[in-house]
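Visitor: Could you have a look at this structure, given as structure tokens, before my questions?
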Protein chains: 2
Amino acid sequence: MKSRVPEVIERARKLVEPALVEAVDRLSPGLRLPGRYHFGWADAVGDPVPDGGHGKGVRPSLALLSAEAVGAAPEVALPGAVAVELVHNFSLVHDDIIDDDKERRHRATVWNVFGTGDAIVVGDALMVLAFELLLEEATPERTAAAADLIRATADMIAGQYMDMSFESSAPGDVQRCWEMVSLKTGAILAHASAVGAILAGAPAAAVKSLRCFGGELGRAFQAVDDLLGIWGDPSVTGKPAGNDLRERKRSVPVTVALHSGTRAGAMLADLYASDHLSDSDIARAAALVDEAGGRSATVAAARECMHRAADALSEADLEVRAADELLELAEFIVDRDF
Amino acid sequence: MKSRVPEVIERARKLVEPALVEAVDRLSPGLRLPGRYHFGWADAVGDPVPDGGHGKGVRPSLALLSAEAVGAAPEVALPGAVAVELVHNFSLVHDDIIDDDKERRHRATVWNVFGTGDAIVVGDALMVLAFELLLEEATPERTAAAADLIRATADMIAGQYMDMSFESSAPGDVQRCWEMVSLKTGAILAHASAVGAILAGAPAAAVKSLRCFGGELGRAFQAVDDLLGIWGDPSVTGKPAGNDLRERKRSVPVTVALHSGTRAGAMLADLYASDHLSDSDIARAAALVDEAGGRSATVAAARECMHRAADALSEADLEVRAADELLELAEFIVDRDF
């Protein structure tokens, strides 16, 4: 089942994209081209792409709604919405180098077009630009928003590193896997879901509830992403079937299966220890993850996160309409097959 | 002639290194090892290195003196000194990947030991850590220091990108070369030379003078670095003779020579256009840079920058002792053969 695209996505795009374009255009001339290319606004030689611009703008949408949730105008969230989208895109540019991913959303990745060195520098520049924008005016609210974004970025980087180390030397147990997910995906969604309220100078309790909502949403999102990484339809995910298994990722369902104490889990561990997985090995690995309970446990965990996200929202005194839109957006983000 | 090591270098090390170690130890466990390795405090498996810790600590020394120059205690500069050193080291870790440099100060570079992916993430983490430290307490002074560091970092990244593009597609004229130098090297030294005063809440005029001093010092430093890149003693620089020429860098002396309108400049351009430079080609290229006036013009420019740096200091009402130490440190930084 695919949810209807929530209205806020389009509303956020209209408000945020012009400011995002303006921000990226502030990069020095050389960096502007790969920056604009990455966002999908330009092709590899800088010509504009009609109807370009990829990404659903989930983080800007959360930022806008978090301002509205505390009774502020969505414009209040604008610098935070732009900044969190810049940080998200810095991480995409660097992750694509690290994971050696040649395509993202059916386009060649930045390193693939401009080279690794350029992609490292473009990522660095997008991250710094985010902080620069927020601190351009040193109001207490913007300073608090910048400090929050910087902490979330530090967490995201730590989570990314944990994820990388799970693939090689030091895979963790189920709890450490969730810790990694909370850092890698939860922290920046928690920030996105709170930054509008922070910029509006909202009371700490409201900010805390919104941040908690975003963190749970992030975990649910990652759990679903992990499920799609094994059982997602390649024509929809844009990645080969069982891609995460081929790369021997220690995703949530795999980690649950490996630590299940079941015979299927032990057989999966044997498969993961081999040098190369054939297509039939991958199909078998997917079946073993399922048999060992990794699939059902991950689905259940995603549902629990979504319940906790809803509970977190109901704990604060938020504007009803915005809170409803936050929940609708959360359902859309998690229930995705695009 | 080699200057005596200024006393402030050791004083800054004693004050700043413990705080720097503490900061790096705040990285998540996995990132801590490559971080400590990079700073020279640990070997590749994490064992402590006796008397480790490389780098002269020029930026922290400037930061401390800039606090003292406005009558504040050196401790006031501490978070700024740590943060600027973290940003400097983020840039070293990423630059070593980009330049494919396998060694730095006679040790294998981070990417060479831990892999490119890890080195990208470690660099990212060091940069974010710098901003996180400064914004940990949201005083107006620390917020101003963070905003200044973020701007300087953005400039440094833009300069690094310009430098990379000079090597390949778009070499610039002499003026653009100096612009690149001001961004790549000047901006962060300008910040280092002002951040102590910013943290001390000093008047804008004093901050401006100190920043101007640091920018000129940065240009002089880079000019000398460019001279050493061609004529430096390999046993001292740790790089092969004429290394910058082998890599066909568009450094200041080379750019001056290429735009000199001389016969030697035209011959240098021909050499630079060839596919491979032999050792004798490199010796010849060095002689052509000299003959075309690139060497003498760069020496003269470095001297002018140092004069302007001294003038900038004398324009503000600074503590005499600290201002003298800033000048002594500047002489030491520029007149280096280590």
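Chain labels run A, B, ... following the order of the structure tokens; each chain numbers its residues from 1, and ligands are numbered from 1 in the order shown.
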Set the cut-off to 7 Å and count only C-alpha atoms: what are the residues of chain A that reach chain B? Output as a PyMOL selection string.
Guide: chain A and resi 28+30+98+117+121+125+128+132+135+143+147+150-151+154+157-158+161-162
Visitor: Excluding Pro18 in chain B and its own-chain neighbours fewer than 2 positions away, which residues fall within 12 Å of it when counting only C-alpha atoms? Please give them as a list of chain:residue names.
Guide: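 Close residues of Pro18 in chain B: B:Ala12, B:Arg13, B:Lys14, B:Leu15, B:Val16, B:Leu20, B:Val21, B:Glu22, B:Ala23, B:Val24, B:Asp25, B:Trp41, B:Gly53, B:Leu78, B:Pro79, B:Ala81, B:Val82.
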Visitor: How would chain B read as a JSON list (two decimals) with C-alpha atoms, in the first residue's frame once least-squares superposed on chain A using all paired C-alpha atoms?
Guide:
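Output file result_7.json follows:
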```json
[["chain", "number", "residue", "atom", "x", "y", "z"],
["B", 1, "MET", "CA", -0.13, 0.02, 0.10],
["B", 2, "LYS", "CA", 1.32, 3.34, -0.88],
["B", 3, "SER", "CA", 0.29, 6.43, 1.05],
["B", 4, "ARG", "CA", -0.82, 9.57, -0.72],
["B", 5, "VAL", "CA", 2.01, 12.14, -0.80],
["B", 6, "PRO", "CA", 1.29, 14.48, 2.12],
["B", 7, "GLU", "CA", 0.49, 18.05, 1.19],
["B", 8, "VAL", "CA", 3.35, 19.38, 3.33],
["B", 9, "ILE", "CA", 5.97, 17.88, 1.00],
["B", 10, "GLU", "CA", 4.92, 20.19, -1.84],
["B", 11, "ARG", "CA", 4.43, 23.13, 0.52],
["B", 12, "ALA", "CA", 7.94, 22.64, 1.95],
["B", 13, "ARG", "CA", 9.45, 22.33, -1.51],
["B", 14, "LYS", "CA", 7.91, 25.63, -2.61],
["B", 15, "LEU", "CA", 9.20, 27.41, 0.47],
["B", 16, "VAL", "CA", 12.59, 25.73, 0.88],
["B", 17, "GLU", "CA", 13.86, 24.96, -2.62],
["B", 18, "PRO", "CA", 14.45, 28.59, -3.67],
["B", 19, "ALA", "CA", 16.40, 29.20, -0.44],
["B", 20, "LEU", "CA", 18.34, 25.96, -0.96],
["B", 21, "VAL", "CA", 19.24, 26.94, -4.54],
["B", 22, "GLU", "CA", 20.35, 30.35, -3.28],
["B", 23, "ALA", "CA", 22.48, 28.74, -0.57],
["B", 24, "VAL", "CA", 24.23, 26.36, -2.98],
["B", 25, "ASP", "CA", 24.82, 29.26, -5.37],
["B", 26, "ARG", "CA", 26.82, 30.93, -2.60],
["B", 27, "LEU", "CA", 29.47, 28.26, -2.94],
["B", 28, "SER", "CA", 32.60, 29.42, -4.76],
["B", 29, "PRO", "CA", 32.23, 29.21, -8.57],
["B", 30, "GLY", "CA", 34.09, 25.91, -8.95],
["B", 31, "LEU", "CA", 32.11, 24.16, -6.22],
["B", 32, "ARG", "CA", 28.77, 25.44, -7.46],
["B", 33, "LEU", "CA", 28.62, 23.11, -10.47],
["B", 34, "PRO", "CA", 29.12, 19.80, -8.63],
["B", 35, "GLY", "CA", 26.84, 21.13, -5.89],
["B", 36, "ARG", "CA", 24.03, 21.96, -8.33],
["B", 37, "TYR", "CA", 24.65, 18.68, -10.12],
["B", 38, "HIS", "CA", 24.29, 16.72, -6.90],
["B", 39, "PHE", "CA", 20.93, 18.31, -6.09],
["B", 40, "GLY", "CA", 19.73, 17.47, -9.60],
["B", 41, "TRP", "CA", 19.28, 21.09, -10.72],
["B", 42, "ALA", "CA", 22.04, 20.91, -13.31],
["B", 43, "ASP", "CA", 23.60, 18.28, -15.51],
["B", 44, "ALA", "CA", 27.30, 17.44, -15.48],
["B", 45, "VAL", "CA", 28.25, 20.48, -17.56],
["B", 46, "GLY", "CA", 26.03, 22.87, -15.63],
["B", 47, "ASP", "CA", 23.01, 23.12, -17.93],
["B", 48, "PRO", "CA", 19.76, 23.40, -16.00],
["B", 49, "VAL", "CA", 17.65, 20.27, -15.70],
["B", 50, "PRO", "CA", 13.93, 21.00, -16.23],
["B", 51, "ASP", "CA", 11.92, 19.67, -13.31],
["B", 52, "GLY", "CA", 15.21, 18.68, -11.69],
["B", 53, "GLY", "CA", 15.80, 18.45, -8.00],
["B", 54, "HIS", "CA", 15.61, 15.06, -6.43],
["B", 55, "GLY", "CA", 14.84, 13.94, -2.92],
["B", 56, "LYS", "CA", 11.41, 14.20, -1.34],
["B", 57, "GLY", "CA", 12.47, 16.93, 1.05],
["B", 58, "VAL", "CA", 11.47, 14.92, 4.10],
["B", 59, "ARG", "CA", 13.79, 16.81, 6.46],
["B", 60, "PRO", "CA", 12.69, 20.30, 5.38],
["B", 61, "SER", "CA", 9.05, 19.17, 5.69],
["B", 62, "LEU", "CA", 9.66, 17.99, 9.25],
["B", 63, "ALA", "CA", 11.39, 21.27, 10.06],
["B", 64, "LEU", "CA", 8.49, 23.36, 8.78],
["B", 65, "LEU", "CA", 5.88, 21.31, 10.65],
["B", 66, "SER", "CA", 7.89, 21.54, 13.86],
["B", 67, "ALA", "CA", 7.60, 25.33, 13.71],
["B", 68, "GLU", "CA", 3.87, 25.12, 13.01],
["B", 69, "ALA", "CA", 3.47, 22.59, 15.81],
["B", 70, "VAL", "CA", 4.49, 25.26, 18.33],
["B", 71, "GLY", "CA", 2.29, 27.90, 16.74],
["B", 72, "ALA", "CA", 4.96, 29.64, 14.63],
["B", 73, "ALA", "CA", 4.88, 30.48, 10.94],
["B", 74, "PRO", "CA", 6.61, 27.91, 8.72],
["B", 75, "GLU", "CA", 9.02, 30.64, 7.51],
["B", 76, "VAL", "CA", 10.56, 30.65, 11.00],
["B", 77, "ALA", "CA", 11.94, 27.18, 10.25],
["B", 78, "LEU", "CA", 13.44, 28.16, 6.90],
["B", 79, "PRO", "CA", 17.15, 28.49, 7.80],
["B", 80, "GLY", "CA", 16.93, 25.24, 9.77],
["B", 81, "ALA", "CA", 15.15, 23.47, 6.91],
["B", 82, "VAL", "CA", 17.84, 24.54, 4.44],
["B", 83, "ALA", "CA", 20.69, 23.70, 6.82],
["B", 84, "VAL", "CA", 19.48, 20.18, 7.66],
["B", 85, "GLU", "CA", 18.96, 19.44, 3.96],
["B", 86, "LEU", "CA", 22.54, 20.61, 3.27],
["B", 87, "VAL", "CA", 23.92, 18.36, 6.01],
["B", 88, "HIS", "CA", 21.86, 15.42, 4.72],
["B", 89, "ASN", "CA", 23.28, 15.97, 1.24],
["B", 90, "PHE", "CA", 26.85, 16.35, 2.51],
["B", 91, "SER", "CA", 26.43, 12.87, 3.99],
["B", 92, "LEU", "CA", 25.05, 11.46, 0.74],
["B", 93, "VAL", "CA", 27.99, 12.82, -1.28],
["B", 94, "HIS", "CA", 30.57, 11.38, 1.13],
["B", 95, "ASP", "CA", 28.68, 8.08, 1.66],
["B", 96, "ASP", "CA", 28.58, 7.47, -2.08],
["B", 97, "ILE", "CA", 32.39, 7.67, -2.18],
["B", 98, "ILE", "CA", 32.76, 5.44, 0.86],
["B", 99, "ASP", "CA", 30.28, 2.83, -0.41],
["B", 100, "ASP", "CA", 31.66, 3.05, -3.96],
["B", 101, "ASP", "CA", 28.09, 3.69, -5.18],
["B", 102, "LYS", "CA", 28.16, 4.72, -8.82],
["B", 103, "GLU", "CA", 24.52, 5.78, -9.02],
["B", 104, "ARG", "CA", 21.97, 7.54, -6.83],
["B", 105, "ARG", "CA", 18.41, 7.87, -8.00],
["B", 106, "HIS", "CA", 19.39, 6.70, -11.48],
["B", 107, "ARG", "CA", 22.03, 9.43, -11.92],
["B", 108, "ALA", "CA", 25.81, 9.07, -11.70],
["B", 109, "THR", "CA", 27.05, 10.09, -8.24],
["B", 110, "VAL", "CA", 29.20, 13.20, -7.74],
["B", 111, "TRP", "CA", 32.48, 11.30, -7.35],
["B", 112, "ASN", "CA", 31.61, 9.25, -10.44],
["B", 113, "VAL", "CA", 31.25, 12.43, -12.52],
["B", 114, "PHE", "CA", 33.75, 14.83, -10.94],
["B", 115, "GLY", "CA", 36.25, 12.50, -9.24],
["B", 116, "THR", "CA", 36.79, 11.48, -5.63],
["B", 117, "GLY", "CA", 38.85, 14.54, -4.64],
["B", 118, "ASP", "CA", 36.22, 16.95, -5.89],
["B", 119, "ALA", "CA", 33.44, 14.97, -4.19],
["B", 120, "ILE", "CA", 35.26, 15.08, -0.83],
["B", 121, "VAL", "CA", 35.61, 18.85, -1.07],
["B", 122, "VAL", "CA", 32.02, 19.37, -2.26],
["B", 123, "GLY", "CA", 30.74, 17.36, 0.72],
["B", 124, "ASP", "CA", 32.92, 19.37, 3.11],
["B", 125, "ALA", "CA", 31.66, 22.60, 1.57],
["B", 126, "LEU", "CA", 27.97, 21.61, 1.88],
["B", 127, "MET", "CA", 28.43, 20.77, 5.55],
["B", 128, "VAL", "CA", 30.16, 24.04, 6.39],
["B", 129, "LEU", "CA", 27.60, 25.99, 4.38],
["B", 130, "ALA", "CA", 24.84, 24.58, 6.59],
["B", 131, "PHE", "CA", 26.44, 25.85, 9.79],
["B", 132, "GLU", "CA", 27.38, 29.15, 8.14],
["B", 133, "LEU", "CA", 23.76, 29.81, 7.16],
["B", 134, "LEU", "CA", 22.44, 29.22, 10.65],
["B", 135, "LEU", "CA", 25.08, 31.35, 12.36],
["B", 136, "GLU", "CA", 24.80, 34.21, 9.88],
["B", 137, "GLU", "CA", 22.52, 35.93, 12.37],
["B", 138, "ALA", "CA", 23.59, 35.27, 15.92],
["B", 139, "THR", "CA", 20.22, 35.23, 17.65],
["B", 140, "PRO", "CA", 19.96, 32.87, 20.64],
["B", 141, "GLU", "CA", 17.48, 30.73, 18.66],
["B", 142, "ARG", "CA", 19.74, 30.37, 15.65],
["B", 143, "THR", "CA", 22.75, 29.66, 17.83],
["B", 144, "ALA", "CA", 20.77, 26.95, 19.62],
["B", 145, "ALA", "CA", 19.65, 25.52, 16.26],
["B", 146, "ALA", "CA", 23.26, 25.48, 15.01],
["B", 147, "ALA", "CA", 24.52, 23.78, 18.16],
["B", 148, "ASP", "CA", 21.74, 21.18, 17.85],
["B", 149, "LEU", "CA", 22.52, 20.54, 14.17],
["B", 150, "ILE", "CA", 26.24, 20.21, 14.93],
["B", 151, "ARG", "CA", 25.55, 17.63, 17.65],
["B", 152, "ALA", "CA", 23.23, 15.71, 15.33],
["B", 153, "THR", "CA", 25.85, 15.80, 12.58],
["B", 154, "ALA", "CA", 28.49, 14.47, 14.97],
["B", 155, "ASP", "CA", 26.11, 11.63, 15.92],
["B", 156, "MET", "CA", 25.36, 10.88, 12.27],
["B", 157, "ILE", "CA", 29.09, 10.66, 11.49],
["B", 158, "ALA", "CA", 29.70, 8.41, 14.49],
["B", 159, "GLY", "CA", 26.82, 6.17, 13.33],
["B", 160, "GLN", "CA", 28.14, 6.04, 9.79],
["B", 161, "TYR", "CA", 31.53, 4.95, 11.13],
["B", 162, "MET", "CA", 29.92, 2.28, 13.34],
["B", 163, "ASP", "CA", 28.01, 0.98, 10.33],
["B", 164, "MET", "CA", 31.23, 0.77, 8.30],
["B", 165, "SER", "CA", 33.03, -1.08, 11.06],
["B", 166, "PHE", "CA", 30.12, -3.57, 11.37],
["B", 167, "GLU", "CA", 30.71, -4.52, 7.74],
["B", 168, "SER", "CA", 34.31, -5.37, 8.40],
["B", 169, "SER", "CA", 35.86, -5.97, 11.77],
["B", 170, "ALA", "CA", 33.45, -5.44, 14.62],
["B", 171, "PRO", "CA", 29.82, -6.43, 14.03],
["B", 172, "GLY", "CA", 27.74, -5.82, 17.11],
["B", 173, "ASP", "CA", 24.81, -7.45, 18.83],
["B", 174, "VAL", "CA", 21.21, -6.35, 18.33],
["B", 175, "GLN", "CA", 21.42, -3.57, 20.89],
["B", 176, "ARG", "CA", 24.56, -2.09, 19.32],
["B", 177, "CYS", "CA", 22.91, -2.33, 15.92],
["B", 178, "TRP", "CA", 20.01, -0.19, 17.17],
["B", 179, "GLU", "CA", 22.49, 2.22, 18.74],
["B", 180, "MET", "CA", 24.11, 2.58, 15.34],
["B", 181, "VAL", "CA", 20.71, 3.15, 13.71],
["B", 182, "SER", "CA", 19.81, 5.79, 16.30],
["B", 183, "LEU", "CA", 23.04, 7.66, 15.55],
["B", 184, "LYS", "CA", 23.20, 7.17, 11.79],
["B", 185, "THR", "CA", 19.56, 7.86, 10.92],
["B", 186, "GLY", "CA", 17.79, 8.89, 14.11],
["B", 187, "ALA", "CA", 19.88, 11.87, 15.17],
["B", 188, "ILE", "CA", 19.41, 13.98, 12.06],
["B", 189, "LEU", "CA", 15.67, 13.21, 11.80],
["B", 190, "ALA", "CA", 15.35, 14.09, 15.49],
["B", 191, "HIS", "CA", 17.02, 17.42, 14.74],
["B", 192, "ALA", "CA", 14.86, 18.03, 11.65],
["B", 193, "SER", "CA", 11.72, 17.36, 13.71],
["B", 194, "ALA", "CA", 12.74, 19.87, 16.39],
["B", 195, "VAL", "CA", 14.64, 22.64, 14.63],
["B", 196, "GLY", "CA", 11.56, 24.66, 13.68],
["B", 197, "ALA", "CA", 10.48, 24.68, 17.32],
["B", 198, "ILE", "CA", 14.02, 25.62, 18.42],
["B", 199, "LEU", "CA", 14.05, 28.52, 15.96],
["B", 200, "ALA", "CA", 10.63, 29.58, 17.24],
["B", 201, "GLY", "CA", 12.00, 29.72, 20.78],
["B", 202, "ALA", "CA", 9.52, 27.08, 21.95],
["B", 203, "PRO", "CA", 9.56, 25.68, 25.50],
["B", 204, "ALA", "CA", 12.05, 22.86, 26.17],
["B", 205, "ALA", "CA", 9.25, 20.32, 26.70],
["B", 206, "ALA", "CA", 7.85, 20.83, 23.21],
["B", 207, "VAL", "CA", 11.32, 20.65, 21.66],
["B", 208, "LYS", "CA", 12.00, 17.45, 23.57],
["B", 209, "SER", "CA", 8.78, 15.79, 22.41],
["B", 210, "LEU", "CA", 9.40, 16.73, 18.81],
["B", 211, "ARG", "CA", 13.00, 15.52, 18.97],
["B", 212, "CYS", "CA", 11.88, 12.23, 20.49],
["B", 213, "PHE", "CA", 9.26, 11.84, 17.75],
["B", 214, "GLY", "CA", 11.95, 12.37, 15.10],
["B", 215, "GLY", "CA", 14.35, 9.91, 16.68],
["B", 216, "GLU", "CA", 11.71, 7.15, 16.74],
["B", 217, "LEU", "CA", 10.70, 8.01, 13.19],
["B", 218, "GLY", "CA", 14.36, 7.70, 12.17],
["B", 219, "ARG", "CA", 14.65, 4.24, 13.69],
["B", 220, "ALA", "CA", 11.40, 3.11, 12.03],
["B", 221, "PHE", "CA", 12.59, 4.54, 8.72],
["B", 222, "GLN", "CA", 15.90, 2.70, 8.93],
["B", 223, "ALA", "CA", 14.19, -0.57, 9.89],
["B", 224, "VAL", "CA", 11.98, -0.33, 6.81],
["B", 225, "ASP", "CA", 14.99, 0.63, 4.70],
["B", 226, "ASP", "CA", 16.74, -2.48, 5.95],
["B", 227, "LEU", "CA", 13.72, -4.62, 5.02],
["B", 228, "LEU", "CA", 13.66, -3.08, 1.53],
["B", 229, "GLY", "CA", 17.41, -3.72, 1.24],
["B", 230, "ILE", "CA", 16.60, -7.44, 1.35],
["B", 231, "TRP", "CA", 13.03, -7.82, 0.06],
["B", 232, "GLY", "CA", 12.47, -4.57, -1.83],
["B", 233, "ASP", "CA", 11.39, -4.63, -5.47],
["B", 234, "PRO", "CA", 14.49, -3.75, -7.54],
["B", 235, "SER", "CA", 12.35, -1.84, -10.07],
["B", 236, "VAL", "CA", 11.21, 0.40, -7.22],
["B", 237, "THR", "CA", 14.29, 0.62, -4.95],
["B", 238, "GLY", "CA", 16.65, 1.11, -7.91],
["B", 239, "LYS", "CA", 19.01, -1.44, -6.37],
["B", 240, "PRO", "CA", 19.51, -5.14, -7.22],
["B", 241, "ALA", "CA", 17.39, -7.61, -5.23],
["B", 242, "GLY", "CA", 19.00, -8.55, -1.94],
["B", 243, "ASN", "CA", 21.63, -5.85, -2.41],
["B", 244, "ASP", "CA", 22.31, -5.48, 1.34],
["B", 245, "LEU", "CA", 22.96, -9.22, 1.58],
["B", 246, "ARG", "CA", 25.35, -9.17, -1.37],
["B", 247, "GLU", "CA", 27.32, -6.44, 0.46],
["B", 248, "ARG", "CA", 26.98, -8.50, 3.66],
["B", 249, "LYS", "CA", 25.51, -5.54, 5.54],
["B", 250, "ARG", "CA", 24.86, -6.06, 9.24],
["B", 251, "SER", "CA", 21.43, -4.48, 8.98],
["B", 252, "VAL", "CA", 18.78, -4.86, 11.69],
["B", 253, "PRO", "CA", 17.05, -7.99, 10.27],
["B", 254, "VAL", "CA", 20.41, -9.67, 9.59],
["B", 255, "THR", "CA", 21.75, -8.84, 13.05],
["B", 256, "VAL", "CA", 18.58, -10.16, 14.71],
["B", 257, "ALA", "CA", 18.87, -13.38, 12.67],
["B", 258, "LEU", "CA", 22.58, -13.82, 13.42],
["B", 259, "HIS", "CA", 21.91, -13.47, 17.17],
["B", 260, "SER", "CA", 18.71, -15.53, 17.17],
["B", 261, "GLY", "CA", 20.32, -18.73, 18.41],
["B", 262, "THR", "CA", 18.39, -20.57, 15.71],
["B", 263, "ARG", "CA", 19.66, -23.12, 13.23],
["B", 264, "ALA", "CA", 18.73, -20.73, 10.40],
["B", 265, "GLY", "CA", 20.80, -18.00, 12.07],
["B", 266, "ALA", "CA", 23.84, -20.27, 12.26],
["B", 267, "MET", "CA", 23.45, -21.18, 8.59],
["B", 268, "LEU", "CA", 23.22, -17.50, 7.72],
["B", 269, "ALA", "CA", 26.45, -16.88, 9.63],
["B", 270, "ASP", "CA", 28.14, -19.57, 7.55],
["B", 271, "LEU", "CA", 26.90, -17.97, 4.33],
["B", 272, "TYR", "CA", 28.10, -14.52, 5.49],
["B", 273, "ALA", "CA", 31.54, -15.98, 6.19],
["B", 274, "SER", "CA", 32.03, -17.15, 2.60],
["B", 275, "ASP", "CA", 34.00, -15.12, 0.09],
["B", 276, "HIS", "CA", 31.37, -14.63, -2.56],
["B", 277, "LEU", "CA", 27.58, -14.92, -2.56],
["B", 278, "SER", "CA", 25.93, -16.11, -5.77],
["B", 279, "ASP", "CA", 22.38, -15.04, -6.67],
["B", 280, "SER", "CA", 21.05, -18.31, -5.29],
["B", 281, "ASP", "CA", 23.10, -17.82, -2.07],
["B", 282, "ILE", "CA", 21.45, -14.42, -1.70],
["B", 283, "ALA", "CA", 17.97, -15.86, -2.15],
["B", 284, "ARG", "CA", 18.85, -18.49, 0.42],
["B", 285, "ALA", "CA", 20.26, -15.89, 2.82],
["B", 286, "ALA", "CA", 17.05, -13.88, 2.56],
["B", 287, "ALA", "CA", 15.01, -17.00, 3.37],
["B", 288, "LEU", "CA", 17.28, -17.74, 6.37],
["B", 289, "VAL", "CA", 16.89, -14.19, 7.75],
["B", 290, "ASP", "CA", 13.14, -14.68, 7.52],
["B", 291, "GLU", "CA", 13.22, -18.16, 9.07],
["B", 292, "ALA", "CA", 15.44, -16.95, 11.94],
["B", 293, "GLY", "CA", 12.86, -14.30, 12.79],
["B", 294, "GLY", "CA", 14.84, -11.31, 11.51],
["B", 295, "ARG", "CA", 12.09, -10.10, 9.22],
["B", 296, "SER", "CA", 9.20, -10.29, 11.64],
["B", 297, "ALA", "CA", 11.22, -8.80, 14.49],
["B", 298, "THR", "CA", 12.21, -5.84, 12.32],
["B", 299, "VAL", "CA", 8.63, -5.25, 11.17],
["B", 300, "ALA", "CA", 7.51, -5.37, 14.81],
["B", 301, "ALA", "CA", 10.29, -3.01, 15.88],
["B", 302, "ALA", "CA", 9.37, -0.51, 13.16],
["B", 303, "ARG", "CA", 5.75, -0.59, 14.38],
["B", 304, "GLU", "CA", 6.82, -0.05, 17.97],
["B", 305, "CYS", "CA", 8.98, 2.90, 16.97],
["B", 306, "MET", "CA", 6.01, 4.44, 15.17],
["B", 307, "HIS", "CA", 3.83, 3.98, 18.27],
["B", 308, "ARG", "CA", 6.45, 5.64, 20.44],
["B", 309, "ALA", "CA", 6.76, 8.45, 17.88],
["B", 310, "ALA", "CA", 3.02, 9.09, 18.13],
["B", 311, "ASP", "CA", 3.13, 8.89, 21.92],
["B", 312, "ALA", "CA", 5.96, 11.42, 22.04],
["B", 313, "LEU", "CA", 3.91, 13.89, 20.02],
["B", 314, "SER", "CA", 0.89, 13.51, 22.25],
["B", 315, "GLU", "CA", 2.94, 14.28, 25.35],
["B", 316, "ALA", "CA", 3.45, 17.93, 24.45],
["B", 317, "ASP", "CA", 0.91, 20.66, 23.96],
["B", 318, "LEU", "CA", 1.25, 21.00, 20.19],
["B", 319, "GLU", "CA", -0.98, 22.52, 17.52],
["B", 320, "VAL", "CA", -3.34, 19.71, 16.54],
["B", 321, "ARG", "CA", -3.25, 20.28, 12.79],
["B", 322, "ALA", "CA", 0.55, 20.32, 12.61],
["B", 323, "ALA", "CA", 0.82, 17.29, 14.89],
["B", 324, "ASP", "CA", -1.59, 15.41, 12.62],
["B", 325, "GLU", "CA", 0.49, 16.39, 9.60],
["B", 326, "LEU", "CA", 3.65, 15.18, 11.36],
["B", 327, "LEU", "CA", 2.02, 11.79, 11.92],
["B", 328, "GLU", "CA", 0.79, 11.68, 8.33],
["B", 329, "LEU", "CA", 4.30, 12.53, 7.10],
["B", 330, "ALA", "CA", 5.80, 9.87, 9.37],
["B", 331, "GLU", "CA", 3.44, 7.22, 7.94],
["B", 332, "PHE", "CA", 4.37, 8.32, 4.44],
["B", 333, "ILE", "CA", 8.11, 8.17, 5.15],
["B", 334, "VAL", "CA", 7.96, 4.71, 6.64],
["B", 335, "ASP", "CA", 5.36, 3.22, 4.32],
["B", 336, "ARG", "CA", 7.33, 3.96, 1.21],
["B", 337, "ASP", "CA", 7.96, 1.88, -1.80],
["B", 338, "PHE", "CA", 9.59, 4.53, -3.94]]
```
Visitor: Enumerate, as a VMD selection string, the complete set of residues in range 45-190 of chain A that a backbone-based DSSP assignment places in alpha helix (DSSP H).
Guide: chain A and resid 58 to 69 78 to 98 110 to 114 116 to 135 140 to 167 174 to 181 187 to 190
